[in-house]
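So this one's data25.cif, mmCIF, C-alpha atoms:
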data_query
#
loop_
_atom_site.label_atom_id
_atom_site.label_comp_id
_atom_site.auth_asym_id
_atom_site.auth_seq_id
_atom_site.Cartn_x
_atom_site.Cartn_y
_atom_site.Cartn_z
CA MET S 1 0.00 0.00 0.00
CA SER S 2 1.46 3.35 -1.01
CA PRO S 3 2.24 5.87 1.74
CA LYS S 4 -0.27 8.33 0.24
CA LEU S 5 -3.07 5.76 0.27
CA LYS S 6 -2.25 4.76 3.84
CA ALA S 7 -2.33 8.44 4.87
CA THR S 8 -5.64 9.01 3.08
CA ILE S 9 -7.23 6.07 4.88
CA LYS S 10 -5.99 7.28 8.26
CA TYR S 11 -7.32 10.76 7.53
CA PHE S 12 -10.79 9.34 6.81
CA VAL S 13 -10.68 7.25 10.00
CA ILE S 14 -9.93 10.42 11.98
CA LEU S 15 -12.73 12.35 10.23
CA ASN S 16 -15.12 9.50 11.00
CA LYS S 17 -14.22 9.49 14.70
CA LYS S 18 -14.93 13.24 14.84
CA SER S 19 -18.29 12.92 13.09
CA ASP S 20 -21.75 12.42 14.54
CA ASN S 21 -22.54 9.33 12.48
CA LYS S 22 -19.53 7.09 12.95
CA ASN S 23 -20.23 4.65 10.13
CA LEU S 24 -16.96 4.16 8.25
CA THR S 25 -16.91 0.52 7.20
CA ASN S 26 -14.49 -1.12 4.79
CA LYS S 27 -17.06 -0.87 2.00
CA LYS S 28 -17.75 2.82 2.68
CA LEU S 29 -14.04 3.55 2.90
CA GLN S 30 -13.62 2.09 -0.59
CA LYS S 31 -16.27 4.48 -1.95
CA LEU S 32 -14.69 7.50 -0.26
CA LEU S 33 -11.28 6.54 -1.65
CA TYR S 34 -12.81 6.14 -5.10
CA TYR S 35 -14.45 9.57 -5.07
CA SER S 36 -11.28 11.11 -3.62
CA GLN S 37 -9.26 9.74 -6.50
CA ALA S 38 -11.87 10.70 -9.11
CA TRP S 39 -12.20 14.29 -7.93
CA SER S 40 -8.45 14.69 -7.48
CA LEU S 41 -8.06 13.72 -11.14
CA VAL S 42 -10.67 16.30 -12.16
CA LEU S 43 -9.98 19.20 -9.83
CA ARG S 44 -6.20 18.90 -9.49
CA ASP S 45 -5.30 17.01 -12.67
CA LYS S 46 -3.33 14.46 -10.67
CA GLN S 47 -3.91 11.21 -8.87
CA LEU S 48 -4.10 11.26 -5.09
CA PHE S 49 -2.49 7.82 -4.80
CA LYS S 50 -1.13 5.31 -7.30
CA GLU S 51 -3.38 2.29 -6.63
CA ASP S 52 -6.06 1.22 -9.10
CA PHE S 53 -9.67 0.36 -8.36
CA GLN S 54 -11.23 -2.89 -9.51
CA ALA S 55 -14.89 -3.15 -10.50
CA TRP S 56 -16.09 -5.43 -7.71
CA VAL S 57 -19.69 -6.54 -7.18
CA HIS S 58 -20.34 -3.89 -4.50
CA GLY S 59 -18.55 -1.09 -6.34
CA PRO S 60 -15.02 0.16 -6.87
CA ALA S 61 -12.47 -1.46 -4.57
CA ILE S 62 -8.75 -1.57 -3.94
CA PRO S 63 -7.98 -5.20 -3.01
CA GLU S 64 -5.14 -4.25 -0.66
CA VAL S 65 -7.43 -1.97 1.35
CA TYR S 66 -10.11 -4.64 1.51
CA LYS S 67 -7.62 -7.19 2.85
CA GLU S 68 -6.22 -4.73 5.39
CA TYR S 69 -9.65 -4.04 6.94
CA LYS S 70 -11.65 -7.21 6.19
CA ASN S 71 -11.42 -8.35 9.82
CA PHE S 72 -13.91 -5.55 10.64
CA GLY S 73 -16.48 -7.19 8.36
CA SER S 74 -19.40 -4.79 7.95
CA SER S 75 -18.61 -3.11 11.28
CA VAL S 76 -17.09 0.33 11.69
CA ILE S 77 -13.32 0.48 11.26
CA ASP S 78 -12.32 1.12 14.84
CA VAL S 79 -8.62 1.86 15.07
CA ASP S 80 -6.91 4.57 17.06
CA ILE S 81 -4.90 7.02 15.02
CA ALA S 82 -3.10 9.93 16.59
CA GLU S 83 -3.54 13.34 14.97
CA ASP S 84 0.28 13.53 14.74
CA ASP S 85 0.65 10.08 13.13
CA THR S 86 3.72 10.20 10.87
CA ASP S 87 1.79 8.73 7.90
CA LEU S 88 -0.47 11.79 7.90
CA LYS S 89 2.55 13.95 7.04
CA LYS S 90 2.34 12.49 3.52
CA LEU S 91 -0.80 14.57 2.92
CA THR S 92 -0.39 18.14 1.73
CA LEU S 93 -2.71 20.92 2.83
CA ASP S 94 -4.30 20.69 -0.62
CA ASP S 95 -4.83 16.93 -0.15
CA LYS S 96 -6.53 17.53 3.18
CA LYS S 97 -8.80 20.20 1.69
CA LEU S 98 -9.86 17.73 -1.00
CA LEU S 99 -10.48 14.95 1.54
CA ASP S 100 -12.45 17.32 3.79
CA GLU S 101 -14.69 18.16 0.81
CA ILE S 102 -15.13 14.49 -0.11
CA TRP S 103 -16.08 13.75 3.50
CA LYS S 104 -18.51 16.68 3.56
CA ILE S 105 -20.20 15.61 0.31
CA TYR S 106 -20.09 11.80 0.48
CA GLY S 107 -19.35 10.99 4.13
CA LYS S 108 -22.88 11.77 5.26
CA TYR S 109 -24.33 8.96 3.14
CA ASP S 110 -24.65 5.37 4.20
CA VAL S 111 -22.80 2.68 2.32
CA SER S 112 -25.93 1.39 0.53
CA TYR S 113 -26.53 4.78 -1.05
CA LEU S 114 -22.87 5.11 -2.07
CA GLU S 115 -22.97 1.63 -3.59
CA LEU S 116 -26.04 2.53 -5.64
CA LEU S 117 -24.36 5.77 -6.66
CA THR S 118 -21.20 4.08 -7.97
CA HIS S 119 -23.34 1.44 -9.70
CA SER S 120 -25.24 4.18 -11.54
CA GLU S 121 -22.05 5.75 -12.91
CA ARG S 122 -20.27 4.92 -16.17
CA PRO S 123 -16.72 4.11 -14.93
CA TRP S 124 -17.88 1.15 -12.79
CA GLN S 125 -20.50 0.09 -15.35
CA LYS S 126 -17.99 0.14 -18.20
CA ALA S 127 -15.47 -1.95 -16.25
CA ARG S 128 -18.24 -4.42 -15.29
CA ASN S 129 -19.47 -4.71 -18.89
CA GLY S 130 -20.33 -8.33 -19.61
CA CYS S 131 -20.40 -9.36 -15.94
CA MET S 132 -23.49 -10.74 -14.29
CA PRO S 133 -24.53 -8.81 -11.16
CA TYR S 134 -22.75 -11.15 -8.73
CA ASP S 135 -19.78 -12.15 -10.89
CA ALA S 136 -16.40 -11.48 -9.35
CA SER S 137 -14.33 -9.07 -11.40
CA MET S 138 -10.78 -7.82 -11.17
CA VAL S 139 -11.17 -5.46 -14.14
CA ILE S 140 -9.46 -2.13 -13.49
CA ILE S 141 -11.56 1.02 -13.56
CA GLU S 142 -9.34 3.20 -15.73
CA LYS S 143 -8.29 6.52 -14.21
CA SER S 144 -8.75 8.18 -17.60
CA GLU S 145 -12.36 6.96 -17.63
CA MET S 146 -12.91 8.29 -14.11
CA LYS S 147 -11.46 11.68 -15.01
CA GLU S 148 -13.50 12.01 -18.21
CA TYR S 149 -16.77 10.99 -16.53
CA TYR S 150 -16.47 13.25 -13.48
CA GLU S 151 -15.27 16.17 -15.60
CA GLN S 152 -18.56 15.86 -17.50
CA LYS S 153 -20.47 15.75 -14.21
CA LYS S 154 -18.66 18.88 -13.03
CA LYS S 155 -19.58 20.75 -16.22
CA LYS S 156 -23.27 19.91 -15.72
CA LYS S 157 -23.33 21.50 -12.26
#
Since I need it in another form, could you write the structure as structure tokens?
Amino acid sequence: MSPKLKATIKYFVILNKKSDNKNLTNKKLQKLLYYSQAWSLVLRDKQLFKEDFQAWVHGPAIPEVYKEYKNFGSSVIDVDIAEDDTDLKKLTLDDKKLLDEIWKIYGKYDVSYLELLTHSERPWQKARNGCMPYDASMVIIEKSEMKEYYEQKKKKK
């Protein structure tokens, strides 16, 4: 797992602990990471972290992240992270501003809504093309596809 991805995850865990609705599960974390990457590509013209997302049954996922937190099952990721954790130093002020916005926009939703949202969007659908609803898939959701799709969404707003 890249240092930037690890830092991003820890930042979301901290934001979750500070929030009123502490509901950050592994599945929800995957969606927040996905939208963080997508909007970083659009708004900053650069990736937030190097890892790719696969088009899994329940939405975009990074296998490494899933494996790291699978012991929590569908429960909230409950790990203690200090505000001065050295991994967090990998995030720039600009990164944190982006992640704060992602949390503000997407963090309030439950995981079922976020799953439906990703399923309704072209990048996941395109990568899943030809798969039955419950077929496993390791097809990569291309970053170029993410950037193009969310740029179009931004223009419509």
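Comparing S:Trp56, S:Asp87, S:Lys108, S:Gln47 by their smallest distance to Ser19 (chain S), the closest is S:Lys108 (using all atoms listed in the file).
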Would you pick out the contacts of Leu88 (chain S) at 8 Å or less, using only C-alpha atoms, so that residues sharing its chain but fewer than 2 positions from it are not included, and give the list as a ChimeraX atom specification?
/S:7-8,10-11,83-86,90-91
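Taken over the shown file, the PyMOL selection byres ((chain S and resi 115) around 12) identifies Lys27, Lys28, Leu29, Gln30, Lys31, Leu32, Tyr34, Tyr35, Ala55, Trp56, Val57, His58, Gly59, Pro60, Ala61, Tyr106, Tyr109, Asp110, Val111, Ser112, Tyr113, Leu114, Leu116, Leu117, Thr118, His119, Ser120, Glu121 and Trp124 of chain S.
For the pair CA of Glu51 (chain S) and CA of Lys70 (chain S), the separation is 18.0 Å.
Compared by their closest atoms to Tyr150 (chain S), and using all atoms listed in the file, the residues S:Met138, S:Leu41, S:Leu5, S:Leu33 rank with S:Leu41 nearest.
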Selection: 8 Å around Phe72 (chain S), all atoms listed in the file, excl. self and same-chain fewer than 3 positions, as an MDAnalysis selection string:
chainID S and resid 25:26 69 75:77
Using C-alpha atoms, can you export the residues from the last selection as a compact mmCIF listing (two decimals), keeping the file's coordinate frame?
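Contents of the output file part.txt:
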# COMPACT_ATOMS: atom_id res chain seq x y z
CA THR S 25 -16.91 0.52 7.20
CA ASN S 26 -14.49 -1.12 4.79
CA TYR S 69 -9.65 -4.04 6.94
CA SER S 75 -18.61 -3.11 11.28
CA VAL S 76 -17.09 0.33 11.69
CA ILE S 77 -13.32 0.48 11.26
Quick one: apply the PyMOL selection byres ((chain S and resi 97-101) around 9) to the file and drop the selected residues here as a PyMOL selection string.
chain S and resi 8+11-12+15+32+36+39-40+43+92-96+102-106
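For the atom pair formed by CA of Pro123 (chain S) and CA of Lys4 (chain S), the distance is 22.8 Å, given to one decimal.
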If you count only C-alpha atoms, the residue of S:Lys155, S:Tyr149, S:Asn21, S:Ser74 closest to Ala38 (chain S) turns out to be S:Tyr149
Which polymer residues have any atom within 8 Å of an atom of Pro63 (chain S), counting all atoms listed in the file, with same-chain residues fewer than 2 positions away left out, as a ChimeraX atom specification?
/S:53-54,61,65-67
Output C-alpha atoms for every residue in the selection just made, as a short mmCIF file (atom, residue, chain, number, x, y, z; two decimals), in the coordinates of the input.
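Wrote out36.cif, looks like this:
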data_model
loop_
_atom_site.label_atom_id
_atom_site.label_comp_id
_atom_site.auth_asym_id
_atom_site.auth_seq_id
_atom_site.Cartn_x
_atom_site.Cartn_y
_atom_site.Cartn_z
CA PHE S 53 -9.67 0.36 -8.36
CA GLN S 54 -11.23 -2.89 -9.51
CA ALA S 61 -12.47 -1.46 -4.57
CA VAL S 65 -7.43 -1.97 1.35
CA TYR S 66 -10.11 -4.64 1.51
CA LYS S 67 -7.62 -7.19 2.85
#
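When CA of Val42 (chain S) is paired with CA of Lys147 (chain S), their separation reads 5.5 Å.
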Please write the residues picked by the PyMOL selection byres ((chain S and resi 127) around 9) on this file as a PDB file with C-alpha atoms, in the frame of the given file.
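Below is the file that was written, out-v6.pdb:
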ATOM      1  CA  GLN S  54     -11.230  -2.890  -9.510  1.00  0.00           C
ATOM      2  CA  ALA S  55     -14.890  -3.150 -10.500  1.00  0.00           C
ATOM      3  CA  ARG S 122     -20.270   4.920 -16.170  1.00  0.00           C
ATOM      4  CA  PRO S 123     -16.720   4.110 -14.930  1.00  0.00           C
ATOM      5  CA  TRP S 124     -17.880   1.150 -12.790  1.00  0.00           C
ATOM      6  CA  GLN S 125     -20.500   0.090 -15.350  1.00  0.00           C
ATOM      7  CA  LYS S 126     -17.990   0.140 -18.200  1.00  0.00           C
ATOM      8  CA  ARG S 128     -18.240  -4.420 -15.290  1.00  0.00           C
ATOM      9  CA  ASN S 129     -19.470  -4.710 -18.890  1.00  0.00           C
ATOM     10  CA  GLY S 130     -20.330  -8.330 -19.610  1.00  0.00           C
ATOM     11  CA  CYS S 131     -20.400  -9.360 -15.940  1.00  0.00           C
ATOM     12  CA  SER S 137     -14.330  -9.070 -11.400  1.00  0.00           C
ATOM     13  CA  VAL S 139     -11.170  -5.460 -14.140  1.00  0.00           C
ATOM     14  CA  ILE S 140      -9.460  -2.130 -13.490  1.00  0.00           C
ATOM     15  CA  ILE S 141     -11.560   1.020 -13.560  1.00  0.00           C
ATOM     16  CA  GLU S 142      -9.340   3.200 -15.730  1.00  0.00           C
TER      17      GLU S 142
END
Mind completing region 47-79 of chain S with N, CA and C atoms? Output as a PDB file, in the coordinates of the input, please?
ATOM      1  N   GLN S  47      -3.376  12.256  -9.738  1.00  0.00           N
ATOM      2  CA  GLN S  47      -3.910  11.210  -8.870  1.00  0.00           C
ATOM      3  C   GLN S  47      -3.513  11.500  -7.420  1.00  0.00           C
ATOM      4  N   LEU S  48      -4.364  11.087  -6.517  1.00  0.00           N
ATOM      5  CA  LEU S  48      -4.100  11.260  -5.090  1.00  0.00           C
ATOM      6  C   LEU S  48      -3.159  10.165  -4.599  1.00  0.00           C
ATOM      7  N   PHE S  49      -3.343   8.958  -5.116  1.00  0.00           N
ATOM      8  CA  PHE S  49      -2.490   7.820  -4.800  1.00  0.00           C
ATOM      9  C   PHE S  49      -2.385   6.958  -6.042  1.00  0.00           C
ATOM     10  N   LYS S  50      -1.433   6.041  -6.063  1.00  0.00           N
ATOM     11  CA  LYS S  50      -1.130   5.310  -7.300  1.00  0.00           C
ATOM     12  C   LYS S  50      -2.009   4.072  -7.536  1.00  0.00           C
ATOM     13  N   GLU S  51      -2.627   3.542  -6.505  1.00  0.00           N
ATOM     14  CA  GLU S  51      -3.380   2.290  -6.630  1.00  0.00           C
ATOM     15  C   GLU S  51      -4.566   2.429  -7.584  1.00  0.00           C
ATOM     16  N   ASP S  52      -4.908   1.295  -8.207  1.00  0.00           N
ATOM     17  CA  ASP S  52      -6.060   1.220  -9.100  1.00  0.00           C
ATOM     18  C   ASP S  52      -7.248   0.603  -8.378  1.00  0.00           C
ATOM     19  N   PHE S  53      -8.431   0.958  -8.854  1.00  0.00           N
ATOM     20  CA  PHE S  53      -9.670   0.360  -8.360  1.00  0.00           C
ATOM     21  C   PHE S  53     -10.086  -0.748  -9.304  1.00  0.00           C
ATOM     22  N   GLN S  54     -10.637  -1.812  -8.727  1.00  0.00           N
ATOM     23  CA  GLN S  54     -11.230  -2.890  -9.510  1.00  0.00           C
ATOM     24  C   GLN S  54     -12.745  -2.766  -9.410  1.00  0.00           C
ATOM     25  N   ALA S  55     -13.429  -3.241 -10.439  1.00  0.00           N
ATOM     26  CA  ALA S  55     -14.890  -3.150 -10.500  1.00  0.00           C
ATOM     27  C   ALA S  55     -15.515  -4.369  -9.807  1.00  0.00           C
ATOM     28  N   TRP S  56     -15.538  -4.329  -8.497  1.00  0.00           N
ATOM     29  CA  TRP S  56     -16.090  -5.430  -7.710  1.00  0.00           C
ATOM     30  C   TRP S  56     -17.618  -5.367  -7.711  1.00  0.00           C
ATOM     31  N   VAL S  57     -18.241  -6.429  -7.241  1.00  0.00           N
ATOM     32  CA  VAL S  57     -19.690  -6.540  -7.180  1.00  0.00           C
ATOM     33  C   VAL S  57     -20.318  -5.352  -6.452  1.00  0.00           C
ATOM     34  N   HIS S  58     -19.747  -4.954  -5.323  1.00  0.00           N
ATOM     35  CA  HIS S  58     -20.340  -3.890  -4.500  1.00  0.00           C
ATOM     36  C   HIS S  58     -19.769  -2.517  -4.818  1.00  0.00           C
ATOM     37  N   GLY S  59     -19.077  -2.395  -5.931  1.00  0.00           N
ATOM     38  CA  GLY S  59     -18.550  -1.090  -6.340  1.00  0.00           C
ATOM     39  C   GLY S  59     -17.039  -1.107  -6.458  1.00  0.00           C
ATOM     40  N   PRO S  60     -16.464   0.056  -6.725  1.00  0.00           N
ATOM     41  CA  PRO S  60     -15.020   0.160  -6.870  1.00  0.00           C
ATOM     42  C   PRO S  60     -14.301  -0.255  -5.587  1.00  0.00           C
ATOM     43  N   ALA S  61     -13.212  -0.993  -5.748  1.00  0.00           N
ATOM     44  CA  ALA S  61     -12.470  -1.460  -4.570  1.00  0.00           C
ATOM     45  C   ALA S  61     -10.982  -1.588  -4.894  1.00  0.00           C
ATOM     46  N   ILE S  62     -10.184  -1.322  -3.880  1.00  0.00           N
ATOM     47  CA  ILE S  62      -8.750  -1.570  -3.940  1.00  0.00           C
ATOM     48  C   ILE S  62      -8.503  -2.828  -3.104  1.00  0.00           C
ATOM     49  N   PRO S  63      -8.107  -3.932  -3.738  1.00  0.00           N
ATOM     50  CA  PRO S  63      -7.980  -5.200  -3.010  1.00  0.00           C
ATOM     51  C   PRO S  63      -7.129  -5.115  -1.744  1.00  0.00           C
ATOM     52  N   GLU S  64      -6.024  -4.391  -1.816  1.00  0.00           N
ATOM     53  CA  GLU S  64      -5.140  -4.250  -0.660  1.00  0.00           C
ATOM     54  C   GLU S  64      -5.850  -3.634   0.547  1.00  0.00           C
ATOM     55  N   VAL S  65      -6.682  -2.638   0.280  1.00  0.00           N
ATOM     56  CA  VAL S  65      -7.430  -1.970   1.350  1.00  0.00           C
ATOM     57  C   VAL S  65      -8.457  -2.937   1.928  1.00  0.00           C
ATOM     58  N   TYR S  66      -9.137  -3.652   1.046  1.00  0.00           N
ATOM     59  CA  TYR S  66     -10.110  -4.640   1.510  1.00  0.00           C
ATOM     60  C   TYR S  66      -9.446  -5.639   2.453  1.00  0.00           C
ATOM     61  N   LYS S  67      -8.319  -6.186   2.026  1.00  0.00           N
ATOM     62  CA  LYS S  67      -7.620  -7.190   2.850  1.00  0.00           C
ATOM     63  C   LYS S  67      -7.173  -6.616   4.185  1.00  0.00           C
ATOM     64  N   GLU S  68      -6.709  -5.381   4.171  1.00  0.00           N
ATOM     65  CA  GLU S  68      -6.220  -4.730   5.390  1.00  0.00           C
ATOM     66  C   GLU S  68      -7.323  -4.594   6.447  1.00  0.00           C
ATOM     67  N   TYR S  69      -8.563  -4.339   6.003  1.00  0.00           N
ATOM     68  CA  TYR S  69      -9.650  -4.040   6.940  1.00  0.00           C
ATOM     69  C   TYR S  69     -10.772  -5.081   6.939  1.00  0.00           C
ATOM     70  N   LYS S  70     -10.568  -6.213   6.275  1.00  0.00           N
ATOM     71  CA  LYS S  70     -11.650  -7.210   6.190  1.00  0.00           C
ATOM     72  C   LYS S  70     -12.018  -7.809   7.536  1.00  0.00           C
ATOM     73  N   ASN S  71     -11.098  -7.788   8.496  1.00  0.00           N
ATOM     74  CA  ASN S  71     -11.420  -8.350   9.820  1.00  0.00           C
ATOM     75  C   ASN S  71     -12.524  -7.543  10.524  1.00  0.00           C
ATOM     76  N   PHE S  72     -12.812  -6.334  10.064  1.00  0.00           N
ATOM     77  CA  PHE S  72     -13.910  -5.550  10.640  1.00  0.00           C
ATOM     78  C   PHE S  72     -15.262  -5.969  10.061  1.00  0.00           C
ATOM     79  N   GLY S  73     -15.233  -6.765   8.999  1.00  0.00           N
ATOM     80  CA  GLY S  73     -16.480  -7.190   8.360  1.00  0.00           C
ATOM     81  C   GLY S  73     -17.283  -5.977   7.927  1.00  0.00           C
ATOM     82  N   SER S  74     -18.562  -5.949   8.285  1.00  0.00           N
ATOM     83  CA  SER S  74     -19.400  -4.790   7.950  1.00  0.00           C
ATOM     84  C   SER S  74     -19.495  -3.812   9.113  1.00  0.00           C
ATOM     85  N   SER S  75     -18.641  -4.009  10.125  1.00  0.00           N
ATOM     86  CA  SER S  75     -18.610  -3.110  11.280  1.00  0.00           C
ATOM     87  C   SER S  75     -17.737  -1.894  10.979  1.00  0.00           C
ATOM     88  N   VAL S  76     -17.886  -0.896  11.819  1.00  0.00           N
ATOM     89  CA  VAL S  76     -17.090   0.330  11.690  1.00  0.00           C
ATOM     90  C   VAL S  76     -15.611   0.012  11.912  1.00  0.00           C
ATOM     91  N   ILE S  77     -14.770   0.619  11.090  1.00  0.00           N
ATOM     92  CA  ILE S  77     -13.320   0.480  11.260  1.00  0.00           C
ATOM     93  C   ILE S  77     -12.952   1.251  12.528  1.00  0.00           C
ATOM     94  N   ASP S  78     -12.584   0.515  13.540  1.00  0.00           N
ATOM     95  CA  ASP S  78     -12.320   1.120  14.840  1.00  0.00           C
ATOM     96  C   ASP S  78     -10.845   0.944  15.200  1.00  0.00           C
ATOM     97  N   VAL S  79     -10.041   1.863  14.734  1.00  0.00           N
ATOM     98  CA  VAL S  79      -8.620   1.860  15.070  1.00  0.00           C
ATOM     99  C   VAL S  79      -8.263   3.248  15.579  1.00  0.00           C
TER     100      VAL S  79
END
